[in-house]
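> Following this message is one structure expressed as structure tokens.
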Amino acid sequence: MSKKTLSGVNGVATNISGWLYLLPALLFLIAFMVYPLIDVFIYSFEEGYNSASQTSFGTGGYNYAYILRDPYFLKTVKNTFILVIITVPISTGLALLISLGLNSIRALKRLFQTIFFLPYVTNTLAVGLVFMILFRKTPYTDGLVNMIIGKFGISPVDFIDGPYWAKMLVLSVYVIWIVMPFKILILTSALASVPDVYYQSARIDGTSSWRVFWRITLPMISPMIVYLIITGFIGAFKAYSDAVAIFGVDLNAAGMNTIVGYVYDMLYGDGGGYPSYASAAAIVLFAIVLTITVINLIVSRKATDIT
Amino acid sequence: MKIKKTIIYFLLAVWALIVLFPFYWMVLSSIKSYASYAGEKIPKFFTTSPTLENYRSAFTAVPLARYFSNTLIFTLATTALMVIIIIFAAYAFARIDFKGRNLLFLGFLALMMIPNELVIITNFVTITDLGLRNSFTGLILPSVTSVFYIYLLKENFEQVPDELYYAAKVDGTSDLKYLFKVMVPICRPTIITVIILKVIECWNSYVWPRLITDDPAFYLVSNGIQELRENGLGRDNIPAMMAAVVAVSVPLIILFLIFRKKIMEGVSREGIKG
């Protein structure tokens with residue numbers, strides 16, 4: 001009897017102390033994650049809500065209808081999709097090649113790994129300026145990239161202020177440059193964790209290295225490749241700072257705005273003050289991301305079933 | 001075999017060159033004098049008369065030093081607060097057997113999937129309504145918790161053997177004392193990794209500071225660089241701009257070279273969670 005009371009008292013004390021230790025984290029998460037998550041849906045249905053007047057003209061789907069008709073929004077959707085389609089396959093494939101290379105050497109491996117990781121620890125805005133200068137064409141100079149492609153007989157292009165595809169090319173190059181370190185890191189550690197036994201038995205059987213790659217390496221690391229493709233899609237759909245770094249804050253003028261950029265422009269700045277449009281756009285973005293992720297998962301499950 | 005190795009080294013070297021070249025170019029441009037830079041119709045790969053003049057103009061023409069100290073304050077305060085908060089939370093999840101723990105932890109894990117872009121809109125409105133725009137409080141508050149780091153630390157705390165806890169209890173050590181005298185020292189490597197990753201994140205943060213500050217007195221380096229590009233120094237003073245870019249990049253590169261192993265391990269942990 002007395003024992004039970006003791007543990008009862010102890011239990012209450014444990015409960016209280018447990019929640020007390022969690023209290024700071026809980027408060028911040030509720031204030032800055034849970035509540036905003038609910039609120040963003042509420043905002044998205046408050047039609048035409050305006051921060052300045054603090055009024056909306058009703059409740060319903062108008063915000064969604066508005067942004068889906070807004071040519072600026074449609075342009076950002078197009079830009080974002082093109083960026084995703086270009087950068088995800090190229091960066092994943094390139095990272096796989098580089099990791100295979102890294103995995104097959106001994107000397108200088110550390111040095112290469114260190115160098116390849118550098119873009120991860122750089123300031124996106126700062127290094128973006130360097131890319132801008134490398135690609136830019138001004139009345140005074142054609143810039144370094146134009147000088148190099150000029151050697152192959154290609155006439156100079158203004159990559160920063162010129163044709164759409166030239167601008168998209170620079171942005172894609174920069175995005176790939178930025179995302180490579182993470183992918184290389186994940187794939188090299190995945191490759192290193194493939195048990196050596198498999199390779200040894202393949203060597204005894206005299207299997208060709210091409211076959212070893214398709215039959216052993218690829219199936220063993222395919223979960224990590226799937227993971228990188230999914231996170232790659234998510235990351236590329238949320239691209240924004242990379243574009244600002246290269247084209248400046250006014251992405252609409254450059255015709256290079258992304259969906260996330262549209263959200264922020266609606267929220268703040270010259271065209272801002274419309275959290276309800278921003279919310280609708282953010283929700284549309286994440287509906288797209290969710291759909292693509294589900295498709296990715298289904299396709300990857302089918303693909304792994306076959307092998 | 002020999003040929004294959006050579007090709008592999010060659011291709012790896014090509015990628016290394018692509019990675020390093022922008023760094024080389026920013027340093028090179030930053031030590032060219034404005035006159036010689038502007039006079040180069042065809043860009044030169046070296047300079048015969050290096051100068052540090054651009055660094056002086058970068059720090060005097062715009063309040064670059066101010067942006068640095070702002071970023072330093074922001075980074076230190078955010079990281080310090082976050083580490084304390086996540087240590088307490090991770091301890092509760094790892095050691096205290098309170099009612100509702102498992103359900104709550106599940107809820108925390110679910111939060112890990114919430115993208116920042118979805119919650120930033122309301123956070124912007126909240127901070128604005130609280131009158132905290134252009135203040136360090138407004139900059140810091142939304143980023144002092146991280147579900148992922150709580151998760152990481154909790155896993156690590158759980159590896160500390162239970163016997164230590166019971167021994168401490170017998171000695172009459174309080175939970176709080178046990179946490180800071182035993183758990184934290186044992187798990188120091190993980191805590192250091194978390195600190196470094198958070199410092200990198202803070203140093204590079206751009207979007208939230210941009211939304212929440214429009215007074216240059218509160219700009220962080222990313223916003224400072226952007227401001228510099230849009231308005232400062234004159235659009236064509238590239239060498240001075242590059243000097244600023246070098247100044248912003250160097251602290252992180254040094255941090256990376258010192259903690260290379262920890263950083264790379266920590267980042268690959270982020271990959272494993274998926």
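Residue numbering restarts at 1 in every chain; chains get A, B, ... in the order shown in the structure tokens, and ligands count up from 1 in that same order.
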As a ChimeraX atom specification, please: the residues near region 196-213 of chain B (cut-off 6 Å, only C-alpha atoms, same-chain neighbours under 5 positions excluded).

/A:123 /B:75,133-134,222

> Include N, CA and C atoms and write out the residues we just selected as a CSV table (one decimal), in the first residue's frame.


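Final output, part_3.csv:
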```
chain,number,residue,atom,x,y,z
A,123,ASN,N,28.3,30.9,-48.5
A,123,ASN,CA,27.1,31.7,-48.4
A,123,ASN,C,26.5,31.8,-49.8
B,75,THR,N,24.0,34.8,-34.7
B,75,THR,CA,24.4,33.4,-34.7
B,75,THR,C,24.7,32.9,-33.3
B,133,ARG,N,9.8,43.7,-35.7
B,133,ARG,CA,10.6,43.8,-36.9
B,133,ARG,C,11.8,44.7,-36.6
B,134,ASN,N,12.9,44.5,-37.3
B,134,ASN,CA,14.1,45.2,-37.0
B,134,ASN,C,14.5,45.1,-35.6
B,222,SER,N,24.3,38.2,-45.4
B,222,SER,CA,23.7,37.9,-46.7
B,222,SER,C,22.9,39.0,-47.2
```

> Quick one: pick out all alpha helix (DSSP H) residues within region 17-242 of chain B from a backbone DSSP run and write them as a PyMOL selection string.

chain B and resi 17-30+34-38+53-61+64-95+101-111+116-129+136-140+147-158+162-170+175-178+184-186+188-204+207-212+221-230+238-242

> Create the file for the chosen residues now, containing C-alpha atoms and written as a compact mmCIF listing (two decimals), in the first residue's frame.


```txt
# COMPACT_ATOMS: atom_id res chain seq x y z
CA LEU B 17 38.59 22.83 -60.72
CA ILE B 18 34.92 23.71 -61.30
CA VAL B 19 34.34 23.81 -57.53
CA LEU B 20 37.45 25.83 -56.74
CA PHE B 21 37.40 28.24 -59.65
CA PRO B 22 34.73 30.63 -58.27
CA PHE B 23 36.75 30.89 -55.04
CA TYR B 24 39.93 31.62 -56.98
CA TRP B 25 38.12 34.20 -59.08
CA MET B 26 36.64 36.04 -56.10
CA VAL B 27 40.02 36.29 -54.38
CA LEU B 28 41.75 37.29 -57.61
CA SER B 29 39.18 39.98 -58.47
CA SER B 30 39.31 41.31 -54.93
CA TYR B 34 39.57 49.01 -59.76
CA ALA B 35 41.38 50.65 -62.65
CA SER B 36 43.10 47.50 -63.81
CA TYR B 37 39.90 45.44 -63.43
CA ALA B 38 37.84 47.91 -65.39
CA GLU B 53 42.54 48.76 -51.31
CA ASN B 54 39.26 47.01 -52.18
CA TYR B 55 39.00 45.57 -48.70
CA ARG B 56 39.28 49.05 -47.25
CA SER B 57 36.55 50.39 -49.53
CA ALA B 58 34.31 47.38 -48.86
CA PHE B 59 34.51 48.05 -45.13
CA THR B 60 34.22 51.86 -45.34
CA ALA B 61 31.74 52.46 -48.18
CA LEU B 64 30.25 45.73 -43.56
CA ALA B 65 31.70 45.53 -40.05
CA ARG B 66 28.23 46.25 -38.72
CA TYR B 67 26.74 43.40 -40.77
CA PHE B 68 29.44 41.12 -39.40
CA SER B 69 28.78 41.97 -35.78
CA ASN B 70 25.01 41.64 -36.36
CA THR B 71 25.52 38.20 -37.86
CA LEU B 72 27.81 37.23 -35.01
CA ILE B 73 25.28 38.32 -32.37
CA PHE B 74 22.45 36.60 -34.25
CA THR B 75 24.45 33.39 -34.71
CA LEU B 76 25.72 33.16 -31.14
CA ALA B 77 22.38 34.00 -29.50
CA THR B 78 20.36 31.65 -31.72
CA THR B 79 22.78 28.77 -31.34
CA ALA B 80 23.17 29.19 -27.56
CA LEU B 81 19.42 29.34 -26.95
CA MET B 82 18.77 26.44 -29.26
CA VAL B 83 21.37 24.19 -27.64
CA ILE B 84 19.88 24.73 -24.18
CA ILE B 85 16.33 24.13 -25.40
CA ILE B 86 17.17 20.98 -27.33
CA ILE B 87 19.25 19.53 -24.47
CA PHE B 88 16.25 19.80 -22.15
CA ALA B 89 13.84 18.40 -24.72
CA ALA B 90 16.10 15.54 -25.74
CA TYR B 91 16.66 14.65 -22.08
CA ALA B 92 12.91 14.52 -21.43
CA PHE B 93 12.40 12.21 -24.40
CA ALA B 94 15.39 10.00 -23.64
CA ARG B 95 15.30 9.66 -19.85
CA ARG B 101 5.90 10.70 -24.14
CA ASN B 102 5.65 8.38 -27.11
CA LEU B 103 2.67 10.15 -28.61
CA LEU B 104 4.34 13.53 -28.20
CA PHE B 105 7.55 12.25 -29.77
CA LEU B 106 5.57 11.01 -32.74
CA GLY B 107 4.08 14.49 -33.05
CA PHE B 108 7.61 15.96 -33.01
CA LEU B 109 8.72 13.62 -35.77
CA ALA B 110 5.72 14.66 -37.86
CA LEU B 111 6.80 18.30 -37.47
CA ASN B 116 9.65 26.26 -43.55
CA GLU B 117 8.01 28.03 -46.49
CA LEU B 118 4.59 27.04 -45.22
CA VAL B 119 4.96 28.51 -41.73
CA ILE B 120 7.04 31.56 -42.56
CA ILE B 121 3.99 33.55 -43.71
CA THR B 122 2.27 33.49 -40.34
CA ASN B 123 5.57 33.92 -38.51
CA PHE B 124 6.15 37.07 -40.51
CA VAL B 125 2.73 38.38 -39.49
CA THR B 126 3.23 37.32 -35.85
CA ILE B 127 6.60 39.05 -35.53
CA THR B 128 5.25 42.15 -37.30
CA ASP B 129 2.21 42.29 -35.01
CA PHE B 136 17.36 40.80 -32.76
CA THR B 137 14.48 39.21 -30.85
CA GLY B 138 12.41 39.05 -34.02
CA LEU B 139 15.33 37.61 -35.97
CA ILE B 140 16.16 34.98 -33.39
CA VAL B 147 13.05 19.06 -34.20
CA PHE B 148 15.78 17.29 -36.11
CA TYR B 149 18.50 18.22 -33.60
CA ILE B 150 16.25 17.17 -30.69
CA TYR B 151 15.88 13.83 -32.44
CA LEU B 152 19.61 13.53 -33.04
CA LEU B 153 20.50 14.33 -29.44
CA LYS B 154 17.79 12.09 -28.02
CA GLU B 155 19.24 9.13 -29.92
CA ASN B 156 22.63 9.94 -28.46
CA PHE B 157 21.32 10.42 -24.90
CA GLU B 158 19.66 7.02 -25.08
CA ASP B 162 21.00 3.39 -17.51
CA GLU B 163 23.35 2.22 -14.74
CA LEU B 164 24.95 5.65 -14.61
CA TYR B 165 21.55 7.18 -13.98
CA TYR B 166 20.65 4.77 -11.17
CA ALA B 167 24.08 5.22 -9.58
CA ALA B 168 23.59 8.96 -9.63
CA LYS B 169 20.10 8.57 -8.16
CA VAL B 170 21.48 6.49 -5.29
CA ASP B 175 18.05 15.11 -12.56
CA LEU B 176 19.28 18.52 -13.59
CA LYS B 177 22.71 17.98 -12.12
CA TYR B 178 22.91 14.51 -13.70
CA VAL B 184 26.11 16.50 -21.63
CA PRO B 185 29.84 15.73 -21.19
CA ILE B 186 29.38 12.20 -22.53
CA ARG B 188 29.68 16.38 -26.23
CA PRO B 189 30.72 15.25 -29.74
CA THR B 190 27.10 15.26 -30.94
CA ILE B 191 26.41 18.59 -29.27
CA ILE B 192 29.45 20.12 -30.94
CA THR B 193 28.32 18.80 -34.33
CA VAL B 194 24.89 20.32 -33.79
CA ILE B 195 26.45 23.65 -32.79
CA ILE B 196 28.65 23.80 -35.88
CA LEU B 197 25.81 22.91 -38.26
CA LYS B 198 23.59 25.53 -36.64
CA VAL B 199 26.33 28.16 -36.87
CA ILE B 200 26.68 27.48 -40.60
CA GLU B 201 22.91 27.71 -41.04
CA CYS B 202 22.72 31.01 -39.12
CA TRP B 203 25.68 32.56 -40.92
CA ASN B 204 24.06 31.85 -44.29
CA VAL B 207 15.17 34.74 -46.33
CA TRP B 208 13.92 35.31 -42.78
CA PRO B 209 16.30 38.23 -42.09
CA ARG B 210 15.26 39.79 -45.38
CA LEU B 211 11.56 39.59 -44.48
CA ILE B 212 12.01 40.85 -40.96
CA VAL B 221 25.89 39.49 -44.03
CA SER B 222 23.66 37.85 -46.66
CA ASN B 223 21.36 40.86 -46.71
CA GLY B 224 24.38 43.15 -46.64
CA ILE B 225 25.81 41.44 -49.72
CA GLN B 226 22.47 41.77 -51.50
CA GLU B 227 22.17 45.43 -50.48
CA LEU B 228 25.70 46.01 -51.70
CA ARG B 229 24.79 44.51 -55.03
CA GLU B 230 21.59 46.51 -55.46
CA ILE B 238 33.29 44.60 -58.82
CA PRO B 239 36.68 44.36 -57.03
CA ALA B 240 35.27 45.95 -53.86
CA MET B 241 32.20 43.73 -54.11
CA MET B 242 34.43 40.68 -54.39
```

> Using only C-alpha atoms and a cut-off of 6 Å, which residues of chain A sit close to chain B? Please list them as a short mmCIF file (atom, residue, chain, number, x, y, z; two decimals) with C-alpha atoms, in the first residue's frame.


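Listed below is the output, part-v3.cif:
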```cif
data_model
loop_
_atom_site.label_atom_id
_atom_site.label_comp_id
_atom_site.auth_asym_id
_atom_site.auth_seq_id
_atom_site.Cartn_x
_atom_site.Cartn_y
_atom_site.Cartn_z
CA THR A 14 8.00 12.43 -13.17
CA ASN A 15 5.14 13.56 -15.36
CA GLY A 18 9.00 15.55 -18.11
CA TYR A 21 11.91 19.91 -19.52
CA LEU A 22 9.97 19.97 -22.77
CA ALA A 25 10.75 23.49 -27.01
CA PHE A 32 6.24 29.09 -34.71
CA PRO A 36 1.37 28.90 -38.36
CA LEU A 37 0.61 25.62 -40.09
CA GLY A 101 35.30 7.75 -59.09
CA ASN A 123 27.08 31.70 -48.43
CA LEU A 125 24.20 35.03 -51.81
CA ALA A 126 27.93 35.75 -51.78
CA THR A 141 33.87 43.10 -71.26
CA ILE A 186 25.62 10.71 -49.24
CA ALA A 282 2.54 28.21 -50.67
#
```

> Give me, please, the distance in Å between CA of Val249 (chain A) and CA of Tyr274 (chain A), quoted to one decimal.

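Computed distance, CA of Val249 (chain A) to CA of Tyr274 (chain A), equals 18.2 Å.
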
> Do you know which residues are at most 12 Å from Ala254 (chain A) counting only C-alpha atoms, after dropping those on the same chain fewer than 5 positions away, and could you put them as an MDAnalysis selection string?

chainID A and resid 72 75:76 79 159:164 166:168 171 243:244 246:249

> Can you tell me which residues surround Ser193 (chain A) at a distance of at most 12 Å, considering only C-alpha atoms, apart from same-chain residues fewer than 2 positions away, and format the answer as a ChimeraX atom specification?

/A:103,186-191,195-198,217,220-221,224

> Filtering to N, CA and C atoms, could you give me those residues as an mmCIF file, in the first residue's frame?


```
data_model
loop_
_atom_site.group_PDB
_atom_site.id
_atom_site.type_symbol
_atom_site.label_atom_id
_atom_site.label_comp_id
_atom_site.auth_asym_id
_atom_site.auth_seq_id
_atom_site.Cartn_x
_atom_site.Cartn_y
_atom_site.Cartn_z
ATOM 1 N N ASN A 103 35.292 6.521 -54.980
ATOM 2 C CA ASN A 103 35.317 5.245 -54.298
ATOM 3 C C ASN A 103 36.390 4.316 -54.846
ATOM 4 N N ILE A 186 26.526 11.820 -49.532
ATOM 5 C CA ILE A 186 25.617 10.713 -49.237
ATOM 6 C C ILE A 186 25.964 9.485 -50.073
ATOM 7 N N LEU A 187 26.250 9.713 -51.373
ATOM 8 C CA LEU A 187 26.531 8.563 -52.242
ATOM 9 C C LEU A 187 27.874 7.923 -51.931
ATOM 10 N N THR A 188 28.895 8.722 -51.583
ATOM 11 C CA THR A 188 30.182 8.082 -51.240
ATOM 12 C C THR A 188 30.021 7.235 -49.994
ATOM 13 N N SER A 189 29.260 7.726 -48.982
ATOM 14 C CA SER A 189 29.147 6.867 -47.797
ATOM 15 C C SER A 189 28.273 5.650 -48.087
ATOM 16 N N ALA A 190 27.292 5.786 -49.002
ATOM 17 C CA ALA A 190 26.486 4.620 -49.376
ATOM 18 C C ALA A 190 27.364 3.585 -50.083
ATOM 19 N N LEU A 191 28.217 4.070 -50.995
ATOM 20 C CA LEU A 191 29.095 3.154 -51.735
ATOM 21 C C LEU A 191 30.078 2.462 -50.800
ATOM 22 N N PRO A 195 29.011 -4.133 -48.578
ATOM 23 C CA PRO A 195 29.948 -5.112 -48.024
ATOM 24 C C PRO A 195 30.920 -5.634 -49.081
ATOM 25 N N ASP A 196 32.172 -5.711 -48.697
ATOM 26 C CA ASP A 196 33.232 -6.108 -49.619
ATOM 27 C C ASP A 196 33.056 -7.534 -50.148
ATOM 28 N N VAL A 197 32.363 -8.372 -49.352
ATOM 29 C CA VAL A 197 32.178 -9.782 -49.729
ATOM 30 C C VAL A 197 31.600 -9.906 -51.129
ATOM 31 N N TYR A 198 30.628 -9.047 -51.434
ATOM 32 C CA TYR A 198 29.965 -9.123 -52.735
ATOM 33 C C TYR A 198 30.963 -8.936 -53.866
ATOM 34 N N THR A 217 26.448 -3.014 -57.246
ATOM 35 C CA THR A 217 26.540 -1.670 -56.696
ATOM 36 C C THR A 217 25.204 -0.937 -56.739
ATOM 37 N N MET A 220 22.456 -2.142 -54.433
ATOM 38 C CA MET A 220 22.777 -1.913 -53.029
ATOM 39 C C MET A 220 22.588 -0.456 -52.622
ATOM 40 N N ILE A 221 22.903 0.480 -53.519
ATOM 41 C CA ILE A 221 22.797 1.883 -53.126
ATOM 42 C C ILE A 221 21.491 2.517 -53.606
ATOM 43 N N MET A 224 19.453 4.887 -51.354
ATOM 44 C CA MET A 224 20.022 6.226 -51.172
ATOM 45 C C MET A 224 19.812 7.097 -52.411
#
```

> Provide the CA of Phe237 (chain A) to CA of Val263 (chain A) distance in Å, to one decimal place.

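Separating CA of Phe237 (chain A) from CA of Val263 (chain A) is a distance of 12.8 Å.
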